[in-house]
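Listing of work.pdb, PDB, C-alpha atoms and all ligand atoms
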```
ATOM      1  CA  MET A   1     109.401  97.395 107.034  1.00  0.00           C
ATOM      2  CA  THR A   2     109.882  96.783 110.740  1.00  0.00           C
ATOM      3  CA  ASP A   3     106.775  96.369 112.805  1.00  0.00           C
ATOM      4  CA  LEU A   4     106.121  98.600 115.801  1.00  0.00           C
ATOM      5  CA  VAL A   5     104.696  97.484 119.096  1.00  0.00           C
ATOM      6  CA  ILE A   6     102.065  99.966 120.227  1.00  0.00           C
ATOM      7  CA  ALA A   7     100.382  99.983 123.612  1.00  0.00           C
ATOM      8  CA  PHE A   8      97.285 101.976 124.481  1.00  0.00           C
ATOM      9  CA  THR A   9      94.270 101.853 126.727  1.00  0.00           C
ATOM     10  CA  LEU A  10      91.111 100.677 125.004  1.00  0.00           C
ATOM     11  CA  ASN A  11      87.921 101.202 126.996  1.00  0.00           C
ATOM     12  CA  GLY A  12      89.903 101.088 130.227  1.00  0.00           C
ATOM     13  CA  ARG A  13      91.941  98.010 129.342  1.00  0.00           C
ATOM     14  CA  LEU A  14      95.606  98.046 128.347  1.00  0.00           C
ATOM     15  CA  ARG A  15      96.087  96.583 124.861  1.00  0.00           C
ATOM     16  CA  GLU A  16      99.199  95.981 122.814  1.00  0.00           C
ATOM     17  CA  VAL A  17      99.495  95.362 119.081  1.00  0.00           C
ATOM     18  CA  ARG A  18     102.332  94.746 116.677  1.00  0.00           C
ATOM     19  CA  THR A  19     101.810  96.500 113.362  1.00  0.00           C
ATOM     20  CA  PRO A  20     103.567  98.172 110.443  1.00  0.00           C
ATOM     21  CA  ALA A  21     103.640 101.923 111.087  1.00  0.00           C
ATOM     22  CA  HIS A  22     101.573 102.844 108.024  1.00  0.00           C
ATOM     23  CA  ARG A  23      98.353 101.129 109.135  1.00  0.00           C
ATOM     24  CA  THR A  24      95.438 103.126 110.438  1.00  0.00           C
ATOM     25  CA  LEU A  25      94.006 102.992 113.905  1.00  0.00           C
ATOM     26  CA  LEU A  26      90.727 101.845 112.335  1.00  0.00           C
ATOM     27  CA  ASP A  27      92.406  98.824 110.751  1.00  0.00           C
ATOM     28  CA  VAL A  28      94.212  97.906 113.941  1.00  0.00           C
ATOM     29  CA  LEU A  29      91.045  98.193 116.007  1.00  0.00           C
ATOM     30  CA  ARG A  30      88.842  96.196 113.651  1.00  0.00           C
ATOM     31  CA  ASP A  31      91.239  93.721 112.054  1.00  0.00           C
ATOM     32  CA  ASP A  32      93.704  93.054 114.863  1.00  0.00           C
ATOM     33  CA  LEU A  33      91.617  93.572 117.977  1.00  0.00           C
ATOM     34  CA  GLY A  34      88.126  92.699 116.691  1.00  0.00           C
ATOM     35  CA  VAL A  35      86.666  96.013 117.803  1.00  0.00           C
ATOM     36  CA  LEU A  36      83.788  95.814 115.369  1.00  0.00           C
ATOM     37  CA  GLU A  37      81.658  98.518 116.992  1.00  0.00           C
ATOM     38  CA  VAL A  38      83.990 100.985 115.224  1.00  0.00           C
ATOM     39  CA  LYS A  39      82.490 101.080 111.746  1.00  0.00           C
ATOM     40  CA  GLU A  40      84.231 101.638 108.447  1.00  0.00           C
ATOM     41  CA  GLY A  41      82.308 103.758 105.979  1.00  0.00           C
ATOM     42  CA  CYS A  42      84.174 105.932 103.476  1.00  0.00           C
ATOM     43  CA  GLY A  43      87.691 105.172 104.696  1.00  0.00           C
ATOM     44  CA  GLU A  44      88.773 108.700 103.812  1.00  0.00           C
ATOM     45  CA  GLY A  45      87.665 111.036 106.583  1.00  0.00           C
ATOM     46  CA  VAL A  46      84.275 112.061 105.263  1.00  0.00           C
ATOM     47  CA  CYS A  47      81.520 110.069 106.969  1.00  0.00           C
ATOM     48  CA  GLY A  48      82.415 109.941 110.666  1.00  0.00           C
ATOM     49  CA  THR A  49      81.319 106.333 111.164  1.00  0.00           C
ATOM     50  CA  CYS A  50      84.806 105.369 112.342  1.00  0.00           C
ATOM     51  CA  THR A  51      84.864 107.980 115.125  1.00  0.00           C
ATOM     52  CA  VAL A  52      86.556 107.054 118.392  1.00  0.00           C
ATOM     53  CA  LEU A  53      87.612 109.229 121.304  1.00  0.00           C
ATOM     54  CA  LEU A  54      91.366 109.690 121.571  1.00  0.00           C
ATOM     55  CA  ASP A  55      92.080 111.073 125.039  1.00  0.00           C
ATOM     56  CA  GLY A  56      88.469 112.259 125.017  1.00  0.00           C
ATOM     57  CA  GLU A  57      88.612 113.994 121.619  1.00  0.00           C
ATOM     58  CA  PRO A  58      86.655 112.613 118.665  1.00  0.00           C
ATOM     59  CA  VAL A  59      88.841 111.559 115.751  1.00  0.00           C
ATOM     60  CA  SER A  60      88.197 109.727 112.501  1.00  0.00           C
ATOM     61  CA  SER A  61      90.163 106.557 113.137  1.00  0.00           C
ATOM     62  CA  CYS A  62      90.527 105.957 109.381  1.00  0.00           C
ATOM     63  CA  LEU A  63      92.729 109.072 109.245  1.00  0.00           C
ATOM     64  CA  VAL A  64      94.815 108.306 112.337  1.00  0.00           C
ATOM     65  CA  LEU A  65      97.939 106.226 111.886  1.00  0.00           C
ATOM     66  CA  ALA A  66      98.111 103.538 114.512  1.00  0.00           C
ATOM     67  CA  PRO A  67     101.373 104.772 116.113  1.00  0.00           C
ATOM     68  CA  ARG A  68      99.583 107.987 117.124  1.00  0.00           C
ATOM     69  CA  ALA A  69      97.580 105.954 119.603  1.00  0.00           C
ATOM     70  CA  ALA A  70     100.657 104.879 121.554  1.00  0.00           C
ATOM     71  CA  GLY A  71     100.291 105.664 125.235  1.00  0.00           C
ATOM     72  CA  ARG A  72      96.870 107.191 124.737  1.00  0.00           C
ATOM     73  CA  ARG A  73      93.328 106.428 125.830  1.00  0.00           C
ATOM     74  CA  ILE A  74      90.870 105.200 123.220  1.00  0.00           C
ATOM     75  CA  THR A  75      87.147 105.028 123.887  1.00  0.00           C
ATOM     76  CA  THR A  76      84.634 103.339 121.617  1.00  0.00           C
ATOM     77  CA  VAL A  77      80.884 103.359 122.076  1.00  0.00           C
ATOM     78  CA  ARG A  78      81.233 100.120 124.019  1.00  0.00           C
ATOM     79  CA  GLY A  79      83.321 101.952 126.597  1.00  0.00           C
ATOM     80  CA  LEU A  80      80.748 104.638 127.355  1.00  0.00           C
ATOM     81  CA  GLY A  81      78.320 102.647 129.449  1.00  0.00           C
ATOM     82  CA  ASP A  82      78.910 101.428 132.961  1.00  0.00           C
ATOM     83  CA  GLY A  83      78.867  97.651 132.974  1.00  0.00           C
ATOM     84  CA  ASP A  84      75.280  96.644 132.267  1.00  0.00           C
ATOM     85  CA  ALA A  85      74.011 100.238 132.345  1.00  0.00           C
ATOM     86  CA  LEU A  86      73.814 102.200 129.121  1.00  0.00           C
ATOM     87  CA  HIS A  87      75.261 105.700 128.889  1.00  0.00           C
ATOM     88  CA  PRO A  88      72.497 108.379 129.003  1.00  0.00           C
ATOM     89  CA  LEU A  89      73.092 109.151 125.331  1.00  0.00           C
ATOM     90  CA  GLN A  90      72.660 105.494 124.413  1.00  0.00           C
ATOM     91  CA  GLU A  91      69.423 105.396 126.408  1.00  0.00           C
ATOM     92  CA  ALA A  92      68.235 108.589 124.730  1.00  0.00           C
ATOM     93  CA  PHE A  93      68.916 107.236 121.245  1.00  0.00           C
ATOM     94  CA  VAL A  94      66.829 104.181 122.067  1.00  0.00           C
ATOM     95  CA  ALA A  95      64.051 106.205 123.704  1.00  0.00           C
ATOM     96  CA  HIS A  96      63.801 108.610 120.751  1.00  0.00           C
ATOM     97  CA  GLY A  97      64.006 105.960 118.063  1.00  0.00           C
ATOM     98  CA  ALA A  98      67.088 107.748 116.785  1.00  0.00           C
ATOM     99  CA  ALA A  99      68.705 104.690 115.197  1.00  0.00           C
ATOM    100  CA  GLN A 100      67.492 102.959 112.087  1.00  0.00           C
ATOM    101  CA  CYS A 101      70.151 100.762 110.472  1.00  0.00           C
ATOM    102  CA  GLY A 102      72.495 101.827 113.287  1.00  0.00           C
ATOM    103  CA  PHE A 103      75.644 102.019 111.197  1.00  0.00           C
ATOM    104  CA  CYS A 104      76.360 105.676 111.970  1.00  0.00           C
ATOM    105  CA  ILE A 105      75.247 105.528 115.583  1.00  0.00           C
ATOM    106  CA  PRO A 106      78.484 104.557 117.420  1.00  0.00           C
ATOM    107  CA  GLY A 107      80.353 107.473 115.854  1.00  0.00           C
ATOM    108  CA  MET A 108      77.396 109.784 116.278  1.00  0.00           C
ATOM    109  CA  ILE A 109      77.096 109.023 119.994  1.00  0.00           C
ATOM    110  CA  LEU A 110      80.821 109.465 120.600  1.00  0.00           C
ATOM    111  CA  THR A 111      80.832 112.828 118.819  1.00  0.00           C
ATOM    112  CA  ALA A 112      77.784 113.911 120.818  1.00  0.00           C
ATOM    113  CA  CYS A 113      79.342 112.735 124.055  1.00  0.00           C
ATOM    114  CA  ALA A 114      82.498 114.805 123.564  1.00  0.00           C
ATOM    115  CA  PHE A 115      80.435 117.781 122.418  1.00  0.00           C
ATOM    116  CA  LEU A 116      78.164 117.737 125.476  1.00  0.00           C
ATOM    117  CA  GLU A 117      81.197 117.616 127.760  1.00  0.00           C
ATOM    118  CA  GLU A 118      82.204 120.994 126.349  1.00  0.00           C
ATOM    119  CA  HIS A 119      78.716 122.390 125.674  1.00  0.00           C
ATOM    120  CA  PRO A 120      76.280 121.130 128.289  1.00  0.00           C
ATOM    121  CA  ALA A 121      73.336 123.267 127.135  1.00  0.00           C
ATOM    122  CA  PRO A 122      73.524 123.634 123.367  1.00  0.00           C
ATOM    123  CA  SER A 123      70.894 124.902 120.957  1.00  0.00           C
ATOM    124  CA  ARG A 124      69.554 122.577 118.280  1.00  0.00           C
ATOM    125  CA  ASP A 125      71.628 124.449 115.727  1.00  0.00           C
ATOM    126  CA  GLU A 126      74.754 123.923 117.782  1.00  0.00           C
ATOM    127  CA  ILE A 127      73.966 120.218 118.020  1.00  0.00           C
ATOM    128  CA  ARG A 128      73.373 120.072 114.281  1.00  0.00           C
ATOM    129  CA  GLN A 129      76.748 121.703 113.641  1.00  0.00           C
ATOM    130  CA  ALA A 130      78.486 119.443 116.144  1.00  0.00           C
ATOM    131  CA  ILE A 131      77.354 116.295 114.337  1.00  0.00           C
ATOM    132  CA  ALA A 132      77.850 117.727 110.830  1.00  0.00           C
ATOM    133  CA  GLY A 133      80.833 115.423 110.293  1.00  0.00           C
ATOM    134  CA  ASN A 134      78.814 112.318 111.131  1.00  0.00           C
ATOM    135  CA  LEU A 135      76.678 111.333 108.178  1.00  0.00           C
ATOM    136  CA  CYS A 136      73.448 109.385 108.561  1.00  0.00           C
ATOM    137  CA  ARG A 137      71.690 108.031 105.505  1.00  0.00           C
ATOM    138  CA  CYS A 138      68.569 106.844 107.325  1.00  0.00           C
ATOM    139  CA  THR A 139      67.104 109.158 109.912  1.00  0.00           C
ATOM    140  CA  GLY A 140      67.015 112.692 108.563  1.00  0.00           C
ATOM    141  CA  TYR A 141      68.753 113.699 111.825  1.00  0.00           C
ATOM    142  CA  THR A 142      65.674 115.041 113.625  1.00  0.00           C
ATOM    143  CA  LYS A 143      65.398 112.174 116.100  1.00  0.00           C
ATOM    144  CA  ILE A 144      69.156 112.133 116.581  1.00  0.00           C
ATOM    145  CA  ILE A 145      69.076 115.813 117.512  1.00  0.00           C
ATOM    146  CA  ASP A 146      66.050 115.174 119.762  1.00  0.00           C
ATOM    147  CA  ALA A 147      67.993 112.461 121.561  1.00  0.00           C
ATOM    148  CA  ILE A 148      71.093 114.577 122.067  1.00  0.00           C
ATOM    149  CA  ALA A 149      69.008 117.575 123.154  1.00  0.00           C
ATOM    150  CA  SER A 150      67.195 115.462 125.734  1.00  0.00           C
ATOM    151  CA  VAL A 151      70.498 114.579 127.364  1.00  0.00           C
ATOM    152  CA  ALA A 152      71.561 118.193 127.331  1.00  0.00           C
ATOM    153  CA  GLY A 153      68.789 118.491 129.886  1.00  0.00           C
ATOM    154  CA  ARG A 154      66.948 121.486 128.580  1.00  0.00           C
ATOM    155  CA  LYS A 155      64.511 122.430 125.881  1.00  0.00           C
ATOM    156  CA  THR A 156      66.767 123.651 123.128  1.00  0.00           C
ATOM    157  CA  ARG A 157      65.924 126.496 120.848  1.00  0.00           C
ATOM    158  CA  GLY A 158      65.054 125.872 117.215  1.00  0.00           C
TER     159      GLY A 158
HETATM  160  S1  LIG B 201      85.344 105.674 107.593  1.00  0.00           S
HETATM  161 FE1  LIG B 201      86.466 107.217 108.591  1.00  0.00          FE
HETATM  162  S2  LIG B 201      85.456 109.061 108.149  1.00  0.00           S
HETATM  163 FE2  LIG B 201      84.409 107.561 106.938  1.00  0.00          FE
HETATM  164  S1  LIG B 202      70.862 105.052 111.266  1.00  0.00           S
HETATM  165 FE1  LIG B 202      71.440 104.252 109.303  1.00  0.00          FE
HETATM  166  S2  LIG B 202      73.087 105.527 108.700  1.00  0.00           S
HETATM  167 FE2  LIG B 202      72.342 106.456 110.499  1.00  0.00          FE
END
```
Would you mind giving the structure from this file in structure tokens?
Amino acid sequence: MTDLVIAFTLNGRLREVRTPAHRTLLDVLRDDLGVLEVKEGCGEGVCGTCTVLLDGEPVSSCLVLAPRAAGRRITTVRGLGDGDALHPLQEAFVAHGAAQCGFCIPGMILTACAFLEEHPAPSRDEIRQAIAGNLCRCTGYTKIIDAIASVAGRKTRG
């Protein structure tokens, strides 16, 4: 099969890869570009650990074929901060002790980031629903929801 050359913007930087068309965006990011902050969990669209933002929308990169990224903007958790400064959500996760093993956290933060763009003052239930596709085996979610709610900038309802 002929390889394709795919160009996209990754965290503000233009990147180009040559790949067979059937490979996933997750594989290209991790195996070809060394973008190891994008985690591989289930590999079949269930756990959310592989979440990236594609033109600002969260997607499971294990379900996205690499050619779909052509000409688009990909953001990983590493692209959220501003140089040395953490993104407010990253700061909130640290401040609330919302990460334990940390494996789910990059995807969780990216999902939360896109959600808060659309819903700046959500209830706790809305936050819970928003992150329902991002599984965490460690935290029980309470501190994660606390962290996201703190960035939403208001006391959320129960
Ligand atoms: S690794 Fe993609 S959803 Fe689980
Ligand atoms: S912090 Fe371990 S899976 Fe979420």
Next on the checklist: The residues within 8 Å of (91.7, 102.9, 124.6), using only C-alpha atoms and the coordinates of the file, should be reported as number ranges by chain; which are they?
Outcome noted: A: 8-15, 54, 72-76
So that all listed atoms of ligand LIG 201 (chain B) fit with 4 Å spare on each side, what axis-aligned box centre and edge lengths in Å, to one decimal, would you give as JSON?
```
{"center_x": 85.4, "center_y": 107.4, "center_z": 107.8, "size_x": 10.1, "size_y": 11.4, "size_z": 9.7}
```
Next on the checklist: Just want the 8 Å neighbourhood of A:Val28, counted on only C-alpha atoms, with same-chain residues fewer than 4 positions away dropped. Output as a PyMOL selection string.
Outcome noted: chain A and resi 17+19+23-24+32-33+66
Evaluate the PyMOL selection byres (((chain A and resi 103-105) around 9) and not hetatm) against this structure - the residues, as a JSON list (two decimals) with C-alpha atoms, in the coordinates of the input, please.
```json
[["chain", "number", "residue", "atom", "x", "y", "z"],
["A", 39, "LYS", "CA", 82.49, 101.08, 111.75],
["A", 41, "GLY", "CA", 82.31, 103.76, 105.98],
["A", 47, "CYS", "CA", 81.52, 110.07, 106.97],
["A", 48, "GLY", "CA", 82.42, 109.94, 110.67],
["A", 49, "THR", "CA", 81.32, 106.33, 111.16],
["A", 50, "CYS", "CA", 84.81, 105.37, 112.34],
["A", 77, "VAL", "CA", 80.88, 103.36, 122.08],
["A", 93, "PHE", "CA", 68.92, 107.24, 121.24],
["A", 98, "ALA", "CA", 67.09, 107.75, 116.78],
["A", 99, "ALA", "CA", 68.70, 104.69, 115.20],
["A", 100, "GLN", "CA", 67.49, 102.96, 112.09],
["A", 101, "CYS", "CA", 70.15, 100.76, 110.47],
["A", 102, "GLY", "CA", 72.50, 101.83, 113.29],
["A", 106, "PRO", "CA", 78.48, 104.56, 117.42],
["A", 107, "GLY", "CA", 80.35, 107.47, 115.85],
["A", 108, "MET", "CA", 77.40, 109.78, 116.28],
["A", 109, "ILE", "CA", 77.10, 109.02, 119.99],
["A", 110, "LEU", "CA", 80.82, 109.46, 120.60],
["A", 134, "ASN", "CA", 78.81, 112.32, 111.13],
["A", 135, "LEU", "CA", 76.68, 111.33, 108.18],
["A", 136, "CYS", "CA", 73.45, 109.38, 108.56],
["A", 137, "ARG", "CA", 71.69, 108.03, 105.50]]
```
Checklist entry - Residues at most 9 Å from A:Gly97, counting only C-alpha atoms, excluding those fewer than 3 positions away in the same chain, as JSON, numbers by chain? => result {"A": [92, 93, 94, 100, 143, 144, 147]}
Print the selection's residues with C-alpha atoms to a file, as a tab-separated table (two decimals), in the frame of the given file.
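Contents of the output file again.tsv:
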```tsv
chain	number	residue	atom	x	y	z
A	92	ALA	CA	68.24	108.59	124.73
A	93	PHE	CA	68.92	107.24	121.24
A	94	VAL	CA	66.83	104.18	122.07
A	100	GLN	CA	67.49	102.96	112.09
A	143	LYS	CA	65.40	112.17	116.10
A	144	ILE	CA	69.16	112.13	116.58
A	147	ALA	CA	67.99	112.46	121.56
```
Please output stretch 107-135 of chain A, rebuilt to include N, CA and C atoms, as an mmCIF file, keeping the file's coordinate frame.
```
data_model
loop_
_atom_site.group_PDB
_atom_site.id
_atom_site.type_symbol
_atom_site.label_atom_id
_atom_site.label_comp_id
_atom_site.auth_asym_id
_atom_site.auth_seq_id
_atom_site.Cartn_x
_atom_site.Cartn_y
_atom_site.Cartn_z
ATOM 1 N N GLY A 107 79.601 106.234 116.059
ATOM 2 C CA GLY A 107 80.353 107.473 115.854
ATOM 3 C C GLY A 107 79.555 108.690 116.255
ATOM 4 N N MET A 108 78.269 108.660 115.944
ATOM 5 C CA MET A 108 77.396 109.784 116.278
ATOM 6 C C MET A 108 77.358 109.993 117.805
ATOM 7 N N ILE A 109 77.192 108.917 118.535
ATOM 8 C CA ILE A 109 77.096 109.023 119.994
ATOM 9 C C ILE A 109 78.421 109.499 120.590
ATOM 10 N N LEU A 110 79.526 109.026 120.065
ATOM 11 C CA LEU A 110 80.821 109.465 120.600
ATOM 12 C C LEU A 110 81.063 110.947 120.327
ATOM 13 N N THR A 111 80.702 111.399 119.133
ATOM 14 C CA THR A 111 80.832 112.828 118.819
ATOM 15 C C THR A 111 79.948 113.650 119.745
ATOM 16 N N ALA A 112 78.714 113.188 119.938
ATOM 17 C CA ALA A 112 77.784 113.911 120.818
ATOM 18 C C ALA A 112 78.292 113.932 122.257
ATOM 19 N N CYS A 113 78.852 112.837 122.680
ATOM 20 C CA CYS A 113 79.342 112.735 124.055
ATOM 21 C C CYS A 113 80.444 113.768 124.312
ATOM 22 N N ALA A 114 81.411 113.833 123.401
ATOM 23 C CA ALA A 114 82.498 114.805 123.564
ATOM 24 C C ALA A 114 81.962 116.231 123.473
ATOM 25 N N PHE A 115 81.013 116.440 122.583
ATOM 26 C CA PHE A 115 80.435 117.781 122.418
ATOM 27 C C PHE A 115 79.725 118.223 123.692
ATOM 28 N N LEU A 116 78.915 117.348 124.278
ATOM 29 C CA LEU A 116 78.164 117.737 125.476
ATOM 30 C C LEU A 116 79.071 117.971 126.681
ATOM 31 N N GLU A 117 80.225 117.334 126.692
ATOM 32 C CA GLU A 117 81.197 117.616 127.760
ATOM 33 C C GLU A 117 81.599 119.090 127.727
ATOM 34 N N GLU A 118 81.750 119.610 126.526
ATOM 35 C CA GLU A 118 82.204 120.994 126.349
ATOM 36 C C GLU A 118 81.047 121.989 126.310
ATOM 37 N N HIS A 119 79.875 121.507 125.875
ATOM 38 C CA HIS A 119 78.716 122.390 125.674
ATOM 39 C C HIS A 119 77.503 121.738 126.320
ATOM 40 N N PRO A 120 77.347 121.873 127.606
ATOM 41 C CA PRO A 120 76.280 121.130 128.289
ATOM 42 C C PRO A 120 74.867 121.592 127.966
ATOM 43 N N ALA A 121 74.696 122.782 127.430
ATOM 44 C CA ALA A 121 73.336 123.267 127.135
ATOM 45 C C ALA A 121 73.272 123.875 125.742
ATOM 46 N N PRO A 122 73.463 123.085 124.728
ATOM 47 C CA PRO A 122 73.524 123.634 123.367
ATOM 48 C C PRO A 122 72.151 123.884 122.774
ATOM 49 N N SER A 123 72.098 124.743 121.770
ATOM 50 C CA SER A 123 70.894 124.902 120.957
ATOM 51 C C SER A 123 70.830 123.758 119.942
ATOM 52 N N ARG A 124 69.664 123.615 119.314
ATOM 53 C CA ARG A 124 69.554 122.577 118.280
ATOM 54 C C ARG A 124 70.512 122.856 117.125
ATOM 55 N N ASP A 125 70.686 124.118 116.802
ATOM 56 C CA ASP A 125 71.628 124.449 115.727
ATOM 57 C C ASP A 125 73.053 124.065 116.099
ATOM 58 N N GLU A 126 73.403 124.305 117.338
ATOM 59 C CA GLU A 126 74.754 123.923 117.782
ATOM 60 C C GLU A 126 74.931 122.410 117.733
ATOM 61 N N ILE A 127 73.893 121.684 118.113
ATOM 62 C CA ILE A 127 73.966 120.218 118.020
ATOM 63 C C ILE A 127 74.117 119.796 116.559
ATOM 64 N N ARG A 128 73.313 120.413 115.710
ATOM 65 C CA ARG A 128 73.373 120.072 114.281
ATOM 66 C C ARG A 128 74.787 120.296 113.733
ATOM 67 N N GLN A 129 75.377 121.425 114.104
ATOM 68 C CA GLN A 129 76.748 121.703 113.641
ATOM 69 C C GLN A 129 77.745 120.709 114.215
ATOM 70 N N ALA A 130 77.532 120.341 115.478
ATOM 71 C CA ALA A 130 78.486 119.443 116.144
ATOM 72 C C ALA A 130 78.537 118.075 115.472
ATOM 73 N N ILE A 131 77.383 117.632 114.955
ATOM 74 C CA ILE A 131 77.354 116.295 114.337
ATOM 75 C C ILE A 131 77.445 116.371 112.809
ATOM 76 N N ALA A 132 77.817 117.554 112.294
ATOM 77 C CA ALA A 132 77.850 117.727 110.830
ATOM 78 C C ALA A 132 78.836 116.776 110.161
ATOM 79 N N GLY A 133 79.851 116.339 110.879
ATOM 80 C CA GLY A 133 80.833 115.423 110.293
ATOM 81 C C GLY A 133 80.455 113.969 110.414
ATOM 82 N N ASN A 134 79.286 113.700 110.992
ATOM 83 C CA ASN A 134 78.814 112.318 111.131
ATOM 84 C C ASN A 134 77.587 112.150 110.238
ATOM 85 N N LEU A 135 77.762 111.459 109.149
ATOM 86 C CA LEU A 135 76.678 111.333 108.178
ATOM 87 C C LEU A 135 75.761 110.162 108.528
#
```
